[in-house]
Structure formats: C-alpha cells, structure tokens
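What follows is the content of upload20.cif, which has mmCIF, C-alpha atoms:
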```cif
data_structure
#
loop_
_atom_site.group_PDB
_atom_site.id
_atom_site.type_symbol
_atom_site.label_atom_id
_atom_site.label_comp_id
_atom_site.auth_asym_id
_atom_site.auth_seq_id
_atom_site.Cartn_x
_atom_site.Cartn_y
_atom_site.Cartn_z
ATOM 1 C CA MET A 1 -16.862 -5.249 -8.093
ATOM 2 C CA PRO A 2 -14.581 -8.208 -7.317
ATOM 3 C CA THR A 3 -14.135 -9.347 -3.731
ATOM 4 C CA VAL A 4 -11.296 -10.932 -1.800
ATOM 5 C CA GLU A 5 -11.788 -13.078 1.289
ATOM 6 C CA PHE A 6 -8.935 -13.360 3.758
ATOM 7 C CA GLN A 7 -8.803 -14.306 7.453
ATOM 8 C CA GLY A 8 -12.578 -14.072 7.810
ATOM 9 C CA LYS A 9 -12.860 -10.631 6.187
ATOM 10 C CA THR A 10 -14.289 -9.767 2.787
ATOM 11 C CA PHE A 11 -12.836 -6.851 0.852
ATOM 12 C CA ASN A 12 -14.240 -5.170 -2.244
ATOM 13 C CA VAL A 13 -11.421 -4.451 -4.658
ATOM 14 C CA ASP A 14 -11.059 -2.741 -8.016
ATOM 15 C CA GLU A 15 -9.863 -4.491 -11.180
ATOM 16 C CA ASP A 16 -6.233 -3.992 -10.082
ATOM 17 C CA GLY A 17 -6.776 -5.421 -6.599
ATOM 18 C CA PHE A 18 -6.777 -2.130 -4.677
ATOM 19 C CA ILE A 19 -9.225 -1.931 -1.758
ATOM 20 C CA ASP A 20 -12.413 -0.044 -2.651
ATOM 21 C CA ASP A 21 -12.317 2.480 0.187
ATOM 22 C CA PHE A 22 -9.550 3.690 2.495
ATOM 23 C CA ALA A 23 -12.051 3.484 5.378
ATOM 24 C CA ASN A 24 -12.122 -0.317 4.914
ATOM 25 C CA TRP A 25 -8.381 -0.695 5.562
ATOM 26 C CA CYS A 26 -7.541 -2.988 8.497
ATOM 27 C CA PRO A 27 -4.701 -5.251 9.704
ATOM 28 C CA GLU A 28 -6.130 -8.212 7.789
ATOM 29 C CA TRP A 29 -5.809 -6.216 4.558
ATOM 30 C CA VAL A 30 -2.121 -5.620 5.282
ATOM 31 C CA GLN A 31 -1.605 -9.344 5.851
ATOM 32 C CA TYR A 32 -3.409 -10.160 2.600
ATOM 33 C CA VAL A 33 -1.301 -7.741 0.528
ATOM 34 C CA LYS A 34 1.860 -8.886 2.305
ATOM 35 C CA LYS A 35 1.097 -12.436 1.186
ATOM 36 C CA THR A 36 0.351 -11.417 -2.410
ATOM 37 C CA GLU A 37 3.556 -9.341 -2.508
ATOM 38 C CA GLY A 38 5.650 -12.282 -1.318
ATOM 39 C CA ILE A 39 6.856 -10.402 1.759
ATOM 40 C CA ASP A 40 7.793 -12.760 4.587
ATOM 41 C CA GLU A 41 7.793 -10.315 7.468
ATOM 42 C CA LEU A 42 6.824 -6.673 7.858
ATOM 43 C CA THR A 43 9.604 -4.600 9.380
ATOM 44 C CA ASP A 44 9.632 -1.172 10.985
ATOM 45 C CA GLU A 45 10.711 0.148 7.564
ATOM 46 C CA HIS A 46 7.539 -1.256 5.982
ATOM 47 C CA TRP A 47 5.411 0.348 8.688
ATOM 48 C CA LYS A 48 7.222 3.676 8.319
ATOM 49 C CA CYS A 49 6.215 3.653 4.641
ATOM 50 C CA ILE A 50 2.633 2.529 5.317
ATOM 51 C CA ASN A 51 2.133 5.123 8.054
ATOM 52 C CA PHE A 52 3.603 7.912 5.920
ATOM 53 C CA LEU A 53 1.399 6.996 2.951
ATOM 54 C CA GLN A 54 -1.717 6.918 5.096
ATOM 55 C CA GLU A 55 -0.980 10.251 6.775
ATOM 56 C CA TYR A 56 -0.194 11.888 3.437
ATOM 57 C CA TYR A 57 -3.407 10.512 1.937
ATOM 58 C CA LYS A 58 -5.518 11.692 4.887
ATOM 59 C CA LYS A 59 -4.068 15.183 4.543
ATOM 60 C CA ASN A 60 -3.984 15.503 0.728
ATOM 61 C CA GLY A 61 -6.506 12.999 -0.640
ATOM 62 C CA ILE A 62 -3.940 11.486 -3.016
ATOM 63 C CA ALA A 63 -0.811 9.355 -2.864
ATOM 64 C CA PRO A 64 2.471 11.274 -2.774
ATOM 65 C CA MET A 65 4.769 11.465 -5.763
ATOM 66 C CA VAL A 66 7.612 8.961 -5.544
ATOM 67 C CA ARG A 67 10.248 11.627 -4.924
ATOM 68 C CA ILE A 68 8.267 12.957 -1.927
ATOM 69 C CA PHE A 69 7.802 9.406 -0.636
ATOM 70 C CA SER A 70 11.540 8.821 -0.948
ATOM 71 C CA LYS A 71 12.537 12.173 0.559
ATOM 72 C CA VAL A 72 10.255 11.976 3.596
ATOM 73 C CA THR A 73 11.011 8.346 4.438
ATOM 74 C CA GLY A 74 14.699 8.738 3.638
ATOM 75 C CA TYR A 75 14.605 5.559 1.529
ATOM 76 C CA LYS A 76 16.028 5.498 -1.983
ATOM 77 C CA LEU A 77 13.705 4.189 -4.668
ATOM 78 C CA LYS A 78 15.767 1.017 -4.955
ATOM 79 C CA HIS A 79 15.199 0.298 -1.250
ATOM 80 C CA ILE A 80 11.442 0.955 -1.562
ATOM 81 C CA TYR A 81 11.380 -1.704 -4.294
ATOM 82 C CA GLU A 82 13.263 -4.046 -1.953
ATOM 83 C CA LEU A 83 10.597 -3.466 0.703
ATOM 84 C CA PHE A 84 7.668 -3.627 -1.739
ATOM 85 C CA PRO A 85 8.625 -5.812 -4.737
ATOM 86 C CA SER A 86 5.869 -4.467 -6.997
ATOM 87 C CA GLY A 87 6.883 -0.889 -6.192
ATOM 88 C CA PRO A 88 5.696 2.172 -4.328
ATOM 89 C CA GLY A 89 2.384 2.404 -6.209
ATOM 90 C CA LYS A 90 1.303 -1.161 -6.720
ATOM 91 C CA GLY A 91 2.751 -2.549 -3.492
ATOM 92 C CA ALA A 92 3.143 0.145 -0.867
ATOM 93 C CA CYS A 93 0.022 2.163 -1.722
ATOM 94 C CA LYS A 94 -2.054 -0.993 -2.044
ATOM 95 C CA MET A 95 -0.871 -2.213 1.356
ATOM 96 C CA ALA A 96 -1.588 1.172 2.936
ATOM 97 C CA GLY A 97 -5.170 1.034 1.626
ATOM 98 C CA LEU A 98 -4.815 3.945 -0.788
ATOM 99 C CA PRO A 99 -6.516 3.969 -4.181
ATOM 100 C CA LYS A 100 -4.367 3.155 -7.183
ATOM 101 C CA PRO A 101 -2.150 6.201 -7.761
ATOM 102 C CA THR A 102 -2.671 8.164 -10.961
ATOM 103 C CA GLY A 103 -0.139 7.115 -13.555
ATOM 104 C CA CYS A 104 0.542 3.807 -11.821
ATOM 105 C CA VAL A 105 0.918 1.097 -14.451
#
```
Encoding of this model in structure tokens:
Amino acid sequence: MPTVEFQGKTFNVDEDGFIDDFANWCPEWVQYVKKTEGIDELTDEHWKCINFLQEYYKKNGIAPMVRIFSKVTGYKLKHIYELFPSGPGKGACKMAGLPKPTGCV
C-alpha cells in the first residue's frame, strides 16, 4: 500500500490517494488534501461539508449520494465543485477521510 508523508505524519493510502482507514483521519490529513486540491484556505463552508460527510459516514458506513450531500448542506453541486475542485467524491470525501465512494471515477 502506498504511503504519504506530510507534516511529520505517515498515511497509508489506496491507489487513488484515499486514506486507508477513517480512524486514521487527523488535521494533518486535511492539510495534505487541501494542498493537493489547490485550496488556499479552508472556510466554514468547507468544514460544514467535511463535518456532514463524517457524521453521515459514521451513521451509515458509506458516503452520501450527491443529492443528499447537496440537500443537507444547502449547497448546489456547482458550489461544492467551487469548494472542492475535484468534486464531492474525489475532493470532499477524500478530505473528510472517507473511503472512495462507489461509482466515483
């Protein structure tokens, strides 16, 4: 399994760069993904998305469908792509420490 080192932490990742285990999520992981996504600064909107994704995953064991993500956060899909340039699956779920969503390309 590939590894990523960032700010003194080592993360095991899958072939698509998603962290190996939700339990290994930490603030350094968020900073790493933020950098790889080209996001300058995390806003309250970013954290609203991250927190929602994590709570949904803890409750359901999977990432939410995009329409649920959009409905609960109140953000249109276009705005989610503005927050997370690689999208809700590749960017937002990765940052939140979730596994790669099913059907995510």
Here's the selection I'm unsure about, the PyMOL selection byres ((chain A and resi 64) around 10); applied to the file above, which residues does it give, as a PDB file with C-alpha atoms, in the coordinates of the input?
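Generated file (out34.pdb):
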```pdb
ATOM      1  CA  PHE A  52       3.603   7.912   5.920  1.00  0.00           C
ATOM      2  CA  LEU A  53       1.399   6.996   2.951  1.00  0.00           C
ATOM      3  CA  GLN A  54      -1.717   6.918   5.096  1.00  0.00           C
ATOM      4  CA  TYR A  56      -0.194  11.888   3.437  1.00  0.00           C
ATOM      5  CA  TYR A  57      -3.407  10.512   1.937  1.00  0.00           C
ATOM      6  CA  ASN A  60      -3.984  15.503   0.728  1.00  0.00           C
ATOM      7  CA  GLY A  61      -6.506  12.999  -0.640  1.00  0.00           C
ATOM      8  CA  ILE A  62      -3.940  11.486  -3.016  1.00  0.00           C
ATOM      9  CA  ALA A  63      -0.811   9.355  -2.864  1.00  0.00           C
ATOM     10  CA  MET A  65       4.769  11.465  -5.763  1.00  0.00           C
ATOM     11  CA  VAL A  66       7.612   8.961  -5.544  1.00  0.00           C
ATOM     12  CA  ARG A  67      10.248  11.627  -4.924  1.00  0.00           C
ATOM     13  CA  ILE A  68       8.267  12.957  -1.927  1.00  0.00           C
ATOM     14  CA  PHE A  69       7.802   9.406  -0.636  1.00  0.00           C
ATOM     15  CA  SER A  70      11.540   8.821  -0.948  1.00  0.00           C
ATOM     16  CA  PRO A  88       5.696   2.172  -4.328  1.00  0.00           C
ATOM     17  CA  GLY A  89       2.384   2.404  -6.209  1.00  0.00           C
ATOM     18  CA  CYS A  93       0.022   2.163  -1.722  1.00  0.00           C
ATOM     19  CA  PRO A 101      -2.150   6.201  -7.761  1.00  0.00           C
TER      20      PRO A 101
END
```
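Considering all atoms listed in the file, the residue among A:Lys78, A:Lys94, A:Lys34, A:Lys48 positioned nearest to A:Val13 is A:Lys94.
The nearest approach to A:Lys35 among the residues A:Phe84, A:Ile50, A:Lys71, A:Leu77, with all atoms listed in the file taken into account, belongs to A:Phe84.
Separating atom CA of A:Asp16 from atom CA of A:Glu37 is a distance of 13.5 Å.
A straight line drawn from atom CA of A:Thr3 to atom CA of A:Ala23 is 15.9 Å long.
Across the structure, atom CA of A:Gly91 and atom CA of A:Met1 are spaced 20.3 Å apart.
Remark: for A:Lys90, the closest of the candidate residues A:Val33, A:Cys49, A:Val72, A:Leu42 is A:Val33 (distances computed over only C-alpha atoms).
Distances here use only C-alpha atoms; by that measure, the residue among A:Glu45, A:Lys58, A:Gln31, A:Pro85 closest to A:Thr73 is A:Glu45.
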Original post:
For this file, the PyMOL selection byres ((chain A and resi 25) around 9) selects which residues, as a ChimeraX atom specification?
Top reply: /A:11,19,21-24,26-30,95-98
